[in-house]
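Chemist: So I've got this file, model-v8.pdb, and it contains PDB, C-alpha atoms:
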ATOM      1  CA  MET A   1      55.662 -22.850  71.850  1.00  0.00           C
ATOM      2  CA  SER A   2      58.615 -23.409  69.559  1.00  0.00           C
ATOM      3  CA  SER A   3      59.083 -20.806  66.818  1.00  0.00           C
ATOM      4  CA  SER A   4      60.382 -23.581  64.553  1.00  0.00           C
ATOM      5  CA  LYS A   5      56.745 -24.488  63.873  1.00  0.00           C
ATOM      6  CA  TYR A   6      56.294 -21.224  61.954  1.00  0.00           C
ATOM      7  CA  LEU A   7      57.702 -20.484  58.532  1.00  0.00           C
ATOM      8  CA  ALA A   8      57.955 -16.808  57.618  1.00  0.00           C
ATOM      9  CA  LEU A   9      56.910 -16.010  54.053  1.00  0.00           C
ATOM     10  CA  PRO A  10      58.455 -12.652  53.071  1.00  0.00           C
ATOM     11  CA  ILE A  11      56.025 -10.384  51.231  1.00  0.00           C
ATOM     12  CA  VAL A  12      57.534  -6.905  51.152  1.00  0.00           C
ATOM     13  CA  SER A  13      61.223  -6.074  51.327  1.00  0.00           C
ATOM     14  CA  LEU A  14      62.374  -2.694  50.004  1.00  0.00           C
ATOM     15  CA  ASP A  15      65.632  -0.876  50.604  1.00  0.00           C
ATOM     16  CA  ALA A  16      67.099   2.363  49.342  1.00  0.00           C
ATOM     17  CA  TYR A  17      70.887   2.643  49.192  1.00  0.00           C
ATOM     18  CA  ALA A  18      73.129   5.633  49.880  1.00  0.00           C
ATOM     19  CA  VAL A  19      76.743   5.577  48.692  1.00  0.00           C
ATOM     20  CA  ASP A  20      79.441   8.234  49.097  1.00  0.00           C
ATOM     21  CA  LEU A  21      81.391   8.559  45.838  1.00  0.00           C
ATOM     22  CA  ASN A  22      83.719  11.306  47.063  1.00  0.00           C
ATOM     23  CA  GLU A  23      86.743   9.087  47.569  1.00  0.00           C
ATOM     24  CA  GLY A  24      88.016   6.017  45.769  1.00  0.00           C
ATOM     25  CA  TYR A  25      85.795   6.266  42.703  1.00  0.00           C
ATOM     26  CA  GLY A  26      87.574   8.899  40.635  1.00  0.00           C
ATOM     27  CA  VAL A  27      84.422  10.971  40.074  1.00  0.00           C
ATOM     28  CA  LYS A  28      85.265  14.598  39.179  1.00  0.00           C
ATOM     29  CA  ASN A  29      82.297  16.480  40.608  1.00  0.00           C
ATOM     30  CA  ASP A  30      83.486  20.000  39.776  1.00  0.00           C
ATOM     31  CA  VAL A  31      84.143  19.069  36.161  1.00  0.00           C
ATOM     32  CA  ILE A  32      80.786  17.314  35.775  1.00  0.00           C
ATOM     33  CA  VAL A  33      78.860  20.306  37.179  1.00  0.00           C
ATOM     34  CA  SER A  34      80.762  22.705  34.925  1.00  0.00           C
ATOM     35  CA  GLN A  35      80.044  20.558  31.864  1.00  0.00           C
ATOM     36  CA  ILE A  36      76.330  20.233  32.666  1.00  0.00           C
ATOM     37  CA  LEU A  37      75.920  23.989  33.159  1.00  0.00           C
ATOM     38  CA  GLU A  38      77.943  24.805  30.054  1.00  0.00           C
ATOM     39  CA  TYR A  39      75.973  22.309  27.949  1.00  0.00           C
ATOM     40  CA  GLY A  40      72.706  23.770  29.230  1.00  0.00           C
ATOM     41  CA  ALA A  41      70.422  21.634  27.070  1.00  0.00           C
ATOM     42  CA  LEU A  42      66.926  20.742  28.195  1.00  0.00           C
ATOM     43  CA  VAL A  43      65.583  17.311  27.283  1.00  0.00           C
ATOM     44  CA  ASP A  44      63.580  17.325  24.042  1.00  0.00           C
ATOM     45  CA  PRO A  45      59.899  17.175  25.073  1.00  0.00           C
ATOM     46  CA  GLU A  46      59.384  14.561  22.341  1.00  0.00           C
ATOM     47  CA  ALA A  47      62.237  12.333  23.513  1.00  0.00           C
ATOM     48  CA  ALA A  48      61.375   8.643  23.770  1.00  0.00           C
ATOM     49  CA  MET A  49      62.617   8.533  27.364  1.00  0.00           C
ATOM     50  CA  LEU A  50      59.811  10.876  28.410  1.00  0.00           C
ATOM     51  CA  HIS A  51      57.127   8.704  26.859  1.00  0.00           C
ATOM     52  CA  ASP A  52      58.489   5.416  28.201  1.00  0.00           C
ATOM     53  CA  HIS A  53      58.774   6.545  31.811  1.00  0.00           C
ATOM     54  CA  SER A  54      57.140   9.025  34.173  1.00  0.00           C
ATOM     55  CA  HIS A  55      59.746  11.754  34.227  1.00  0.00           C
ATOM     56  CA  THR A  56      59.358  15.359  35.310  1.00  0.00           C
ATOM     57  CA  TYR A  57      59.618  16.609  31.728  1.00  0.00           C
ATOM     58  CA  TYR A  58      60.371  20.337  31.736  1.00  0.00           C
ATOM     59  CA  GLU A  59      62.914  20.071  34.564  1.00  0.00           C
ATOM     60  CA  ASP A  60      65.218  17.563  32.875  1.00  0.00           C
ATOM     61  CA  TRP A  61      68.529  18.558  31.282  1.00  0.00           C
ATOM     62  CA  ARG A  62      70.396  16.406  28.769  1.00  0.00           C
ATOM     63  CA  LEU A  63      73.810  15.165  29.867  1.00  0.00           C
ATOM     64  CA  PRO A  64      76.896  16.019  27.825  1.00  0.00           C
ATOM     65  CA  ASP A  65      78.774  13.073  26.302  1.00  0.00           C
ATOM     66  CA  THR A  66      82.110  13.572  28.066  1.00  0.00           C
ATOM     67  CA  ASP A  67      84.688  11.297  29.648  1.00  0.00           C
ATOM     68  CA  GLU A  68      83.835  12.543  33.135  1.00  0.00           C
ATOM     69  CA  VAL A  69      80.079  12.032  32.757  1.00  0.00           C
ATOM     70  CA  ASN A  70      80.577   8.614  31.170  1.00  0.00           C
ATOM     71  CA  HIS A  71      82.913   7.610  34.011  1.00  0.00           C
ATOM     72  CA  LEU A  72      80.236   8.613  36.524  1.00  0.00           C
ATOM     73  CA  LYS A  73      77.626   6.532  34.697  1.00  0.00           C
ATOM     74  CA  ALA A  74      79.982   3.540  34.590  1.00  0.00           C
ATOM     75  CA  THR A  75      80.605   3.940  38.334  1.00  0.00           C
ATOM     76  CA  VAL A  76      76.874   4.000  39.082  1.00  0.00           C
ATOM     77  CA  THR A  77      76.418   0.872  36.964  1.00  0.00           C
ATOM     78  CA  ASP A  78      79.225  -0.907  38.826  1.00  0.00           C
ATOM     79  CA  VAL A  79      77.770   0.040  42.224  1.00  0.00           C
ATOM     80  CA  MET A  80      74.297  -1.183  41.234  1.00  0.00           C
ATOM     81  CA  SER A  81      75.696  -4.439  39.859  1.00  0.00           C
ATOM     82  CA  GLU A  82      77.588  -5.009  43.118  1.00  0.00           C
ATOM     83  CA  ILE A  83      74.486  -4.324  45.240  1.00  0.00           C
ATOM     84  CA  ALA A  84      72.299  -6.641  43.150  1.00  0.00           C
ATOM     85  CA  GLY A  85      74.925  -9.313  42.572  1.00  0.00           C
ATOM     86  CA  ARG A  86      74.180  -9.319  38.829  1.00  0.00           C
ATOM     87  CA  PRO A  87      75.033  -7.043  35.874  1.00  0.00           C
ATOM     88  CA  TYR A  88      73.016  -3.849  35.397  1.00  0.00           C
ATOM     89  CA  THR A  89      72.966  -1.120  32.767  1.00  0.00           C
ATOM     90  CA  ILE A  90      71.742   2.493  32.625  1.00  0.00           C
ATOM     91  CA  THR A  91      68.847   2.804  30.180  1.00  0.00           C
ATOM     92  CA  GLU A  92      68.338   6.578  30.441  1.00  0.00           C
ATOM     93  CA  SER A  93      70.091   9.413  32.256  1.00  0.00           C
ATOM     94  CA  TRP A  94      69.596  13.155  32.633  1.00  0.00           C
ATOM     95  CA  SER A  95      70.260  16.010  35.034  1.00  0.00           C
ATOM     96  CA  ILE A  96      68.247  18.496  37.077  1.00  0.00           C
ATOM     97  CA  VAL A  97      69.628  21.882  38.092  1.00  0.00           C
ATOM     98  CA  LEU A  98      67.509  23.009  41.016  1.00  0.00           C
ATOM     99  CA  GLU A  99      67.531  26.779  41.539  1.00  0.00           C
ATOM    100  CA  PRO A 100      66.851  28.389  44.943  1.00  0.00           C
ATOM    101  CA  GLY A 101      63.114  28.217  45.654  1.00  0.00           C
ATOM    102  CA  GLN A 102      62.468  25.486  43.103  1.00  0.00           C
ATOM    103  CA  SER A 103      61.209  21.963  43.795  1.00  0.00           C
ATOM    104  CA  VAL A 104      60.719  18.711  41.898  1.00  0.00           C
ATOM    105  CA  ALA A 105      57.203  17.323  41.545  1.00  0.00           C
ATOM    106  CA  ALA A 106      56.328  13.889  42.905  1.00  0.00           C
ATOM    107  CA  HIS A 107      56.877  11.207  40.265  1.00  0.00           C
ATOM    108  CA  SER A 108      58.156   7.675  39.713  1.00  0.00           C
ATOM    109  CA  HIS A 109      60.137   5.929  37.002  1.00  0.00           C
ATOM    110  CA  TYR A 110      57.851   2.906  36.854  1.00  0.00           C
ATOM    111  CA  VAL A 111      58.706   0.546  33.994  1.00  0.00           C
ATOM    112  CA  HIS A 112      55.425  -0.483  32.389  1.00  0.00           C
ATOM    113  CA  GLY A 113      55.181  -4.095  31.279  1.00  0.00           C
ATOM    114  CA  ALA A 114      58.046  -5.356  33.423  1.00  0.00           C
ATOM    115  CA  ILE A 115      57.572  -8.964  34.525  1.00  0.00           C
ATOM    116  CA  ASN A 116      59.377  -8.226  37.788  1.00  0.00           C
ATOM    117  CA  PRO A 117      59.253  -4.498  38.662  1.00  0.00           C
ATOM    118  CA  ASN A 118      61.494  -5.141  41.693  1.00  0.00           C
ATOM    119  CA  GLU A 119      64.410  -5.636  39.295  1.00  0.00           C
ATOM    120  CA  TYR A 120      64.336  -2.038  38.099  1.00  0.00           C
ATOM    121  CA  PHE A 121      65.938   0.875  39.940  1.00  0.00           C
ATOM    122  CA  ALA A 122      66.302   4.631  39.745  1.00  0.00           C
ATOM    123  CA  PHE A 123      69.338   6.586  40.880  1.00  0.00           C
ATOM    124  CA  ALA A 124      70.127  10.165  41.829  1.00  0.00           C
ATOM    125  CA  TYR A 125      73.712  11.395  42.122  1.00  0.00           C
ATOM    126  CA  TYR A 126      74.624  14.834  43.442  1.00  0.00           C
ATOM    127  CA  PRO A 127      77.838  16.305  42.005  1.00  0.00           C
ATOM    128  CA  PHE A 128      76.908  19.569  43.726  1.00  0.00           C
ATOM    129  CA  ALA A 129      74.691  19.807  46.793  1.00  0.00           C
ATOM    130  CA  PRO A 130      75.924  22.458  49.230  1.00  0.00           C
ATOM    131  CA  GLU A 131      75.247  22.299  52.953  1.00  0.00           C
ATOM    132  CA  GLY A 132      71.562  22.724  53.706  1.00  0.00           C
ATOM    133  CA  SER A 133      70.415  21.395  50.334  1.00  0.00           C
ATOM    134  CA  VAL A 134      66.935  19.929  50.329  1.00  0.00           C
ATOM    135  CA  PRO A 135      66.843  16.114  50.763  1.00  0.00           C
ATOM    136  CA  LEU A 136      65.140  13.617  48.484  1.00  0.00           C
ATOM    137  CA  GLN A 137      61.779  12.332  49.719  1.00  0.00           C
ATOM    138  CA  ILE A 138      60.919   8.699  48.929  1.00  0.00           C
ATOM    139  CA  LEU A 139      57.465   7.255  49.583  1.00  0.00           C
ATOM    140  CA  GLY A 140      56.954   3.545  50.167  1.00  0.00           C
ATOM    141  CA  THR A 141      53.457   2.043  50.230  1.00  0.00           C
ATOM    142  CA  HIS A 142      51.975  -1.437  50.227  1.00  0.00           C
ATOM    143  CA  SER A 143      48.579  -3.124  50.589  1.00  0.00           C
ATOM    144  CA  ASN A 144      46.879   0.247  50.031  1.00  0.00           C
ATOM    145  CA  VAL A 145      47.122   0.735  53.780  1.00  0.00           C
ATOM    146  CA  ILE A 146      50.636   1.299  55.066  1.00  0.00           C
ATOM    147  CA  SER A 147      52.863   4.067  53.807  1.00  0.00           C
ATOM    148  CA  SER A 148      56.145   5.493  54.986  1.00  0.00           C
ATOM    149  CA  THR A 149      58.317   8.321  53.746  1.00  0.00           C
ATOM    150  CA  ILE A 150      62.041   8.563  54.191  1.00  0.00           C
ATOM    151  CA  SER A 151      63.917  11.818  53.901  1.00  0.00           C
ATOM    152  CA  ALA A 152      67.293  11.023  52.342  1.00  0.00           C
ATOM    153  CA  PRO A 153      69.875  13.742  53.091  1.00  0.00           C
ATOM    154  CA  VAL A 154      72.091  14.678  50.172  1.00  0.00           C
ATOM    155  CA  SER A 155      75.463  16.339  49.884  1.00  0.00           C
ATOM    156  CA  THR A 156      78.102  16.621  47.197  1.00  0.00           C
ATOM    157  CA  GLY A 157      79.113  13.077  46.231  1.00  0.00           C
ATOM    158  CA  THR A 158      75.955  11.321  47.464  1.00  0.00           C
ATOM    159  CA  LEU A 159      74.541   8.521  45.291  1.00  0.00           C
ATOM    160  CA  LEU A 160      71.018   7.285  46.061  1.00  0.00           C
ATOM    161  CA  ILE A 161      69.565   4.105  44.518  1.00  0.00           C
ATOM    162  CA  PHE A 162      65.970   2.927  45.000  1.00  0.00           C
ATOM    163  CA  ASN A 163      63.260   0.910  43.250  1.00  0.00           C
ATOM    164  CA  SER A 164      62.099   2.794  40.175  1.00  0.00           C
ATOM    165  CA  TYR A 165      58.376   2.508  40.971  1.00  0.00           C
ATOM    166  CA  LEU A 166      58.703   4.356  44.291  1.00  0.00           C
ATOM    167  CA  LEU A 167      57.154   7.807  44.297  1.00  0.00           C
ATOM    168  CA  HIS A 168      59.762  10.471  45.084  1.00  0.00           C
ATOM    169  CA  TRP A 169      60.085  14.240  45.035  1.00  0.00           C
ATOM    170  CA  THR A 170      62.077  17.203  46.283  1.00  0.00           C
ATOM    171  CA  ASN A 171      60.702  20.073  48.362  1.00  0.00           C
ATOM    172  CA  ARG A 172      61.850  23.646  47.817  1.00  0.00           C
ATOM    173  CA  GLN A 173      65.579  24.353  47.774  1.00  0.00           C
ATOM    174  CA  ILE A 174      65.671  26.881  50.597  1.00  0.00           C
ATOM    175  CA  VAL A 175      69.416  27.601  50.578  1.00  0.00           C
ATOM    176  CA  ASP A 176      70.669  30.385  48.321  1.00  0.00           C
ATOM    177  CA  SER A 177      72.430  28.051  45.891  1.00  0.00           C
ATOM    178  CA  ILE A 178      71.700  25.677  43.070  1.00  0.00           C
ATOM    179  CA  ARG A 179      71.687  21.927  43.630  1.00  0.00           C
ATOM    180  CA  VAL A 180      72.772  19.732  40.701  1.00  0.00           C
ATOM    181  CA  ASN A 181      71.911  16.074  40.353  1.00  0.00           C
ATOM    182  CA  VAL A 182      72.360  13.379  37.730  1.00  0.00           C
ATOM    183  CA  SER A 183      69.495  10.895  37.607  1.00  0.00           C
ATOM    184  CA  GLY A 184      68.643   7.838  35.573  1.00  0.00           C
ATOM    185  CA  ASN A 185      67.164   4.389  35.335  1.00  0.00           C
ATOM    186  CA  LEU A 186      68.921   1.083  35.936  1.00  0.00           C
ATOM    187  CA  ALA A 187      67.805  -2.205  34.413  1.00  0.00           C
ATOM    188  CA  PRO A 188      69.201  -5.733  34.691  1.00  0.00           C
ATOM    189  CA  VAL A 189      71.183  -6.865  31.671  1.00  0.00           C
ATOM    190  CA  ASN A 190      69.191 -10.106  31.757  1.00  0.00           C
ATOM    191  CA  PRO A 191      65.746  -9.209  33.115  1.00  0.00           C
ATOM    192  CA  THR A 192      63.070 -11.712  34.038  1.00  0.00           C
ATOM    193  CA  THR A 193      61.086 -12.598  30.924  1.00  0.00           C
ATOM    194  CA  VAL A 194      58.841 -15.378  32.230  1.00  0.00           C
ATOM    195  CA  SER A 195      56.557 -15.130  35.232  1.00  0.00           C
ATOM    196  CA  ASN A 196      57.322 -18.260  37.202  1.00  0.00           C
ATOM    197  CA  ASP A 197      57.517 -17.674  40.936  1.00  0.00           C
ATOM    198  CA  ASP A 198      59.565 -20.304  42.708  1.00  0.00           C
ATOM    199  CA  TRP A 199      57.856 -21.476  45.902  1.00  0.00           C
ATOM    200  CA  SER A 200      59.944 -24.616  46.260  1.00  0.00           C
ATOM    201  CA  LYS A 201      61.734 -23.403  49.392  1.00  0.00           C
ATOM    202  CA  TYR A 202      58.388 -23.251  51.178  1.00  0.00           C
ATOM    203  CA  LYS A 203      57.415 -26.834  50.407  1.00  0.00           C
ATOM    204  CA  LYS A 204      57.960 -29.542  52.975  1.00  0.00           C
ATOM    205  CA  GLU A 205      60.336 -32.267  52.036  1.00  0.00           C
ATOM    206  CA  SER A 206      58.540 -35.576  51.500  1.00  0.00           C
TER     207      SER A 206
END
Would you kindly transcribe this structure into structure tokens?
Modeler:
Amino acid sequence: MSSSKYLALPIVSLDAYAVDLNEGYGVKNDVIVSQILEYGALVDPEAAMLHDHSHTYYEDWRLPDTDEVNHLKATVTDVMSEIAGRPYTITESWSIVLEPGQSVAAHSHYVHGAINPNEYFAFAYYPFAPEGSVPLQILGTHSNVISSTISAPVSTGTLLIFNSYLLHWTNRQIVDSIRVNVSGNLAPVNPTTVSNDDWSKYKKES
């Protein structure tokens, strides 16, 4: 029986992206790590970013406003815009300095009230992740039935991008070293504002 009789209607399509920023992007990892550790400022527990999204609260460090950090954020924005084929912007950003033996609780960055949640992404960049550093765990579920977890290995220079509503966490850092990451949320410059799904490509021509 010819397969042309059947029209596939895609329901779920989710991808996470890994990008190596070590070469060709001008990101100064050593400088960024030094600036984060020197700044040493935890996120204000009353900050708006903590109320708007499901962050990990006590673990988050504020990022210093430096040329190197701003260049990294601009690079992440450019990479996301290239992946999506449309302009994106970073709405919030912070850092986590994971000490040996520490972990990061399971959480998401779900954007409440978004017309199209698939347009919103989270990112994690690792300016310092020595060999053996604990990977990032990302859980994907759908239909309340099927779930799958990917273990995304990280090393110095790794950028991970994934849908913001996906639950993710980090198990214990078992190597005898800190692991530093810069995380944040990415939103489209022109997000969907009207719910109007286009099913025209599924309609038969008259």
Chemist: Can you measure atom CA of Ser183 of chain A to atom CA of Ile96 of chain A for me? One decimal in Å is fine.
Modeler: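 Taking atom CA of Ser183 of chain A as the start and atom CA of Ile96 of chain A as the end point, the length is 7.7 Å.
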Chemist: Just checking: using all atoms listed in the file, which residue out of A:Ser81, A:Ser155, A:Asn171, A:Ser143 ends up closest to Leu98 of chain A?
Modeler: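 When distances to Leu98 of chain A are compared using all atoms listed in the file, the smallest one comes from A:Asn171.
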Chemist: Go through A:Ala106, A:Ala129, A:Ile146, A:Val97 one by one, measure the shortest atom-to-atom distance of each to Leu42 of chain A using all atoms listed in the file, and give the residue with the smallest value.
Modeler: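 Using all atoms listed in the file, Leu42 of chain A sits closest to A:Val97.
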Chemist: Skip Glu38 of chain A itself and residues of its chain fewer than 2 positions away, then list as a PDB file with C-alpha atoms, in the coordinates of the input all residues within 12 Å of it, counting only C-alpha atoms.
Modeler:
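Written out: out-v5.pdb:
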ATOM      1  CA  VAL A  31      84.143  19.069  36.161  1.00  0.00           C
ATOM      2  CA  ILE A  32      80.786  17.314  35.775  1.00  0.00           C
ATOM      3  CA  VAL A  33      78.860  20.306  37.179  1.00  0.00           C
ATOM      4  CA  SER A  34      80.762  22.705  34.925  1.00  0.00           C
ATOM      5  CA  GLN A  35      80.044  20.558  31.864  1.00  0.00           C
ATOM      6  CA  ILE A  36      76.330  20.233  32.666  1.00  0.00           C
ATOM      7  CA  GLY A  40      72.706  23.770  29.230  1.00  0.00           C
ATOM      8  CA  ALA A  41      70.422  21.634  27.070  1.00  0.00           C
ATOM      9  CA  LEU A  42      66.926  20.742  28.195  1.00  0.00           C
ATOM     10  CA  TRP A  61      68.529  18.558  31.282  1.00  0.00           C
ATOM     11  CA  ARG A  62      70.396  16.406  28.769  1.00  0.00           C
ATOM     12  CA  LEU A  63      73.810  15.165  29.867  1.00  0.00           C
ATOM     13  CA  PRO A  64      76.896  16.019  27.825  1.00  0.00           C
ATOM     14  CA  VAL A  97      69.628  21.882  38.092  1.00  0.00           C
TER      15      VAL A  97
END
Chemist: For this file, the PyMOL selection byres ((chain A and resi 123) around 7) selects which residues, as a VMD selection string?
Modeler: chain A and resid 121 to 122 124 to 125 160 to 162 183 to 185
Chemist: For a test of reading the model, state the distance in Å between atom CA of Ile174 of chain A and atom CA of Leu136 of chain A, rounded to one decimal.
Modeler: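 One can read the atom CA of Ile174 of chain A to atom CA of Leu136 of chain A distance as 13.4 Å.
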Chemist: So which one's closest to Asn22 of chain A, A:Thr89, A:Asn118, A:Ser133, A:Thr75? Using only C-alpha atoms, please.
Modeler: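 Comparing A:Thr89, A:Asn118, A:Ser133, A:Thr75 against Asn22 of chain A, the winner is A:Thr75.
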Chemist: Give me the result of the PyMOL selection byres ((chain A and resi 151) around 7) on this file, residue by residue, as a list of chain:residue names.
Modeler: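 In the shown coordinates, the PyMOL selection byres ((chain A and resi 151) around 7) covers A:Pro135, A:Leu136, A:Gln137, A:Ile138, A:Thr149, A:Ile150, A:Ala152, A:Pro153.
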Chemist: Might you spell out which residues the PyMOL selection byres ((chain A and resi 175) around 9) would select in the displayed file, as a list in words?
Modeler: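 In the shown coordinates, the PyMOL selection byres ((chain A and resi 175) around 9) covers Pro100, Gly101, Pro130, Glu131, Gly132, Ser133, Val134, Arg172, Gln173, Ile174, Asp176, Ser177 and Ile178 of chain A.
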Chemist: For atom CA of Gly24 of chain A and atom CA of Thr91 of chain A, determine how far apart the two atoms are, in Å to one decimal place.
Modeler: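 Here the two named atoms are 24.9 Å from each other.
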Chemist: Please work out which residues fall within 7 Å of (77.9, 15.3, 40.3), coordinates as given in the file, with all atoms listed in the file counting, and return them as a count of residues only.
Modeler: 11
Chemist: Residues at most 10 Å from Arg86 of chain A, counting only C-alpha atoms, excluding those fewer than 5 positions away in the same chain, as a JSON list (two decimals) with C-alpha atoms, in the frame of the given file?
Modeler:
[["chain", "number", "residue", "atom", "x", "y", "z"],
["A", 78, "ASP", "CA", 79.22, -0.91, 38.83],
["A", 80, "MET", "CA", 74.30, -1.18, 41.23],
["A", 81, "SER", "CA", 75.70, -4.44, 39.86],
["A", 188, "PRO", "CA", 69.20, -5.73, 34.69],
["A", 189, "VAL", "CA", 71.18, -6.86, 31.67],
["A", 190, "ASN", "CA", 69.19, -10.11, 31.76]]
Chemist: Using all atoms listed in the file, can you tell me which of A:Ser103, A:Ser147, A:Ser108, A:Asn116 comes closest to Arg179 of chain A?
Modeler: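 Selected residue with least distance to Arg179 of chain A: A:Ser103.
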Chemist: Calculated over all atoms listed in the file, which of the candidates A:Thr141, A:Asn70, A:Ser95, A:Gln102 has the smallest distance to Val12 of chain A?
Modeler: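 For Val12 of chain A, the nearest of the given residues is A:Thr141.
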